[in-house]
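Enquirer: Structure incoming, see below.
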Amino acid sequence: MVRIRDLRRIDAYLYEIPPSFRPDMRVPARFYADAALIDNILGDRSLEQLVNTATLPGVVNHVLAMPDMHQGYGFPIGGVVATALPDGVISPGGVGYDINCGVRLLASQIDVEAIRPHLDDLASMLYANCPSGVGKGGPVKLAAGELDQVMEKGARWAVQRGFGSAADLERTEEEGCLAGADAQKVSTRARDRGKGQIGTLGAGNHFIEVDVVDRVADDAIARRLGLFAGQVVVQIHCGSRGLGHQVCTDYVDLFQKAVHKYGIDLPDRELVCAPLSSPEGRDYLAAMKAAANYAFANRQVLVYHIRHAFEQVLAGKLNHHHLFQVYDIAHNMAKLESHRVGARMVEVCVHRKGATRAFGPGSDVLPPVYRDIGQPVLVPGSMGTSSWVLVGTEGGMSQAFGSTCHGAGRTMSRHQAKRSVQGPALRRELEAAGIRVRAGSMAGLAEEAPAAYKDVDRVVDVVHEAGLARRVARLAPLAVIKG
Amino acid sequence: MSTRFEEVEHTADRALRIYGRNLTELFVNAAAGMNSLLVAGVFGDAGRVAKRIELEAGDAESLLVAWLSELAFWAETESLIFNWFDFMELSPARLVAVVRGAPVQALDKHVKAVTFHNLAIGRHPEGLVVTVVFDV
């Protein structure tokens with residue numbers, strides 16, 4: 001266990017566990033927190049998991065965790081780990097089972113007061129249009145061979161099928177398609193799990209949420225993103241469904257042998273990895289990209305269903321109910337990027353597991369429309385609480401491989417949450433606060449109770465004050481749709 | 001053996017500590033434990049659907065992950081819950097079993113994956129014990 005005496009405070013919000021803490025550490029382990037969050041972080045095994053990631057071959061600078069960090073499996077949630085090419089490793093567990101789990105933000109021109117009379121109908125229509133729940137399939141049927149196109153073209157496939165527009169693609173990380181995806185590296189079982197699930201939400205902590213912009217922290221940047229106070233917006237949080245889960249399962253299993261082949265000694269079998277230059281490492285990267293593209297396509301089809309729901313409920317009643325896309329980000333991904341290591345710019349593989357890419361202004365991978373303001377970052381809070389829109393900064397580039405937090409972060413186990421919160425009572429509480437809830441499972445609702453999570457405002461304060469990202473606007477929930 | 005499995009607190013996911021007098025009982029109890037996550041309460045109609053499962057792995061822990069992953073796959077794709085298990089062969093490297101069960105109307109929980117996190121089958125006074133973390 002890591003204790004408070006093992007920590008070295010580097011500045012107001014940054015702590016370090018030095019490599020002397022454990023002989024197998026190759027680099028320091030750093031994390032961002034304030035005084036209150038430290039207690040949460042020391043309360044589970046997330047720091048031990050972070051230290052374990054510091055043992056990975058080829059790891060550079062330091063391993064990092066964001067203030068929403070909590071215990072996961074293998075890597076901690078909130079972890080950021082970069083390994084140097086060509087022989088540094090890639091770890092499927094460092095991406096997680098829900099490859100390219102991410103968040104998309106859509107915005108309307110509707111004022112919150114105008115939509116209130118229609119919220120019940122809108123919540124019900126969104127629940128009806130967007131399939132959710134365990135293993136639920138969707139209405140989109142794929143022709144023979146079309147799943148390969150989904151995996152190799154991502155959201156571009158969805159736009160070609162009429163589920164969105166070029167403007168949506170422009171405002172999606174990687175324009176909704178990672179180059180180098182190879183569907184042939186994805187197993188038959190993964191295909192079986194994914195072929196019927198395009199355009200579905202799933203269960204767990206995934207959701208669709210209708211929100212209002214309740215606070216603008218940076219008016220100039222908010223306007224550039226098309227956001228204003230009182231505006232109705234929609235968040236989507238989901239990923240690559242069963243296909244991505246199976247890709248990770250397949251490669252974690254395969255890599256159990258690869259670590260012996262390459263003589264890699266690890267403190268946890270979930271950290272299994274292979275050199276990026278190896279056939280196993282290249283195969284996983286190509287399969288991971290295929291699953292990530294599936295996730296981009298999945299969110300794009302959900303956008304279509306959501307726009308249709310707005311049209312069905314609001315046409316003839318409210319003008320300007322079209323939803324435009326603000327941005328789409330991934331928060332479970334490994335990406336090849338160029339970052340400063342010592343005095344040099346080096347090609348590295350950045351694993352972000354429950355962490356968001358947050359590139360600062362000027363990065364040429366950002367769409368031209370946002371290049372001068374930095375990458376939009378979407379940070380959903382827990383159900384019933386705020387979410388945030390941020391932008392990436394130069395500080396994030398220099399400190400954290402261009403990364404920031406991804407959410408509020410759990411503090412309470414799902415088991416404990418279910419024991420202390422009753423789903424129906426929570427639903428009544430949220431409804432009493434004016435938040436419409438449509439959920440397939442009351443037990444699932446209880447697991448996602450706000451009390452089970454950290455205060456997202458505090459998490460965002462830390463990344464803002466630490467210079468990892470800048471606050472732009474806060475969102476408050478109006479309606480929540482869950483599986 | 002009085003306790004077949006018990007839940008262990010885990011911040012984000014679900015973890016079970018599973019017991020068995022031998023490898024066969026450990027695998028049966030692991031399946032029963034995962035079933036308790038997938039479906040609350042009892043489920044009937046055992047034996048309506050049967051499947052033969054053959055798996056190979058490099059060691060007993062990998063085989064346990066493969067076994068539970070197989071059952072989670074049928075739960076996700078066909079809502080099938082198996083609660084009767086007949087092992088024709090079970091060694092740390094290979095498993096052949098016939099499983100029987102039935103579809104359920106709805107699953108309470110989605111097991112996305114069975115992880116290798118700190119996975120090690122160990123000994124305890126009455127036999128074997130292992131803790132499995134499920135990504136949910």
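To be explicit about the labels: the chains of the structure tokens are called A, B, and onward in the order shown, and within each one the residues are counted from 1, while ligands get numbers from 1 in the order they are shown.
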Compile the contact shell of Leu169 of chain A as a VMD selection string: residues with an atom at most 10 Å away, counting only C-alpha atoms, same-chain residues fewer than 4 positions apart removed.

Expert: chain A and resid 154 to 156 158 to 159 164 to 165 173 to 177 296 300 325 327 to 328 367

Enquirer: Could you write out the selected residues, including C-alpha atoms, as a PDB file, in the first residue's frame?

Expert:
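So out.pdb came out as:
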ATOM      1  CA  GLY A 154     -15.322   4.493 -38.345  1.00  0.00           C
ATOM      2  CA  ALA A 155     -17.688   7.451 -38.299  1.00  0.00           C
ATOM      3  CA  ARG A 156     -17.014   7.981 -42.025  1.00  0.00           C
ATOM      4  CA  ALA A 158     -21.823   6.096 -40.668  1.00  0.00           C
ATOM      5  CA  VAL A 159     -21.840   9.402 -42.552  1.00  0.00           C
ATOM      6  CA  GLY A 164     -24.493  12.312 -40.084  1.00  0.00           C
ATOM      7  CA  SER A 165     -22.622  15.000 -41.971  1.00  0.00           C
ATOM      8  CA  GLU A 173     -11.185  13.376 -32.631  1.00  0.00           C
ATOM      9  CA  GLU A 174      -9.222  11.917 -35.579  1.00  0.00           C
ATOM     10  CA  GLU A 175     -12.217  12.862 -37.750  1.00  0.00           C
ATOM     11  CA  GLY A 176     -13.847   9.695 -36.443  1.00  0.00           C
ATOM     12  CA  CYS A 177     -11.411   7.296 -38.124  1.00  0.00           C
ATOM     13  CA  PHE A 296     -16.769   6.358 -33.406  1.00  0.00           C
ATOM     14  CA  GLN A 300     -22.363   8.670 -34.858  1.00  0.00           C
ATOM     15  CA  GLN A 325     -21.789  18.693 -33.086  1.00  0.00           C
ATOM     16  CA  TYR A 327     -16.827  17.656 -30.414  1.00  0.00           C
ATOM     17  CA  ASP A 328     -16.273  13.952 -29.769  1.00  0.00           C
ATOM     18  CA  PRO A 367      -9.534  20.652 -36.755  1.00  0.00           C
TER      19      PRO A 367
END

Enquirer: Counting only C-alpha atoms, collect the residues of chain A whose closest atom lies at most 7 Å from chain B, and write them out as a PyMOL selection string.

Expert: chain A and resi 70-74+97+134-135+193+203-204+245+249+268-270+410-415

Enquirer: Do a neighbour search on Asn40 of chain A at 12 Å with only C-alpha atoms, toss out local chain neighbours closer than 5 positions, and write the hits as a ChimeraX atom specification.

Expert: /A:4,33-35,45-47,67-71,408-412,452-455,459 /B:11

Enquirer: Would you return as number ranges by chain the members of segment 80-212 of chain A that DSSP assigns to strand (DSSP E) on this structure's backbone?

Expert: A: 80-84, 89-90, 102-111, 207-212

Enquirer: For the atom pair atom CA of Asn332 of chain A and atom CA of Gly94 of chain A, what is the interatomic distance in Å to one decimal place?

Expert: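 So the answer is 8.3 Å.
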
Enquirer: Which one is closest to Ser36 of chain B: B:Ala93, B:Met88, B:Ala50, B:Leu16? Count only C-alpha atoms.

Expert: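 Among the listed residues, the smallest separation from Ser36 of chain B belongs to B:Leu16.
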
Enquirer: So which bits of segment 21-68 of chain B end up helix (DSSP H, G or I) when you DSSP the backbone, as a VMD selection string?

Expert: chain B and resid 23 to 38 60 to 68

Enquirer: By how many Å are atom CA of Glu70 of chain B and atom CA of His351 of chain A apart?

Expert: 27.7 Å

Enquirer: Determine, counting only C-alpha atoms, which protein, DNA and RNA residues have an atom within 7 Å of an atom of Ile121 of chain B; residues of the same chain fewer than 6 positions away are not included. Present the result as a list of chain:residue names.

Expert: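 Surrounding residues, per the criterion: B:Glu61, B:Leu128, B:Val129, B:Val130.
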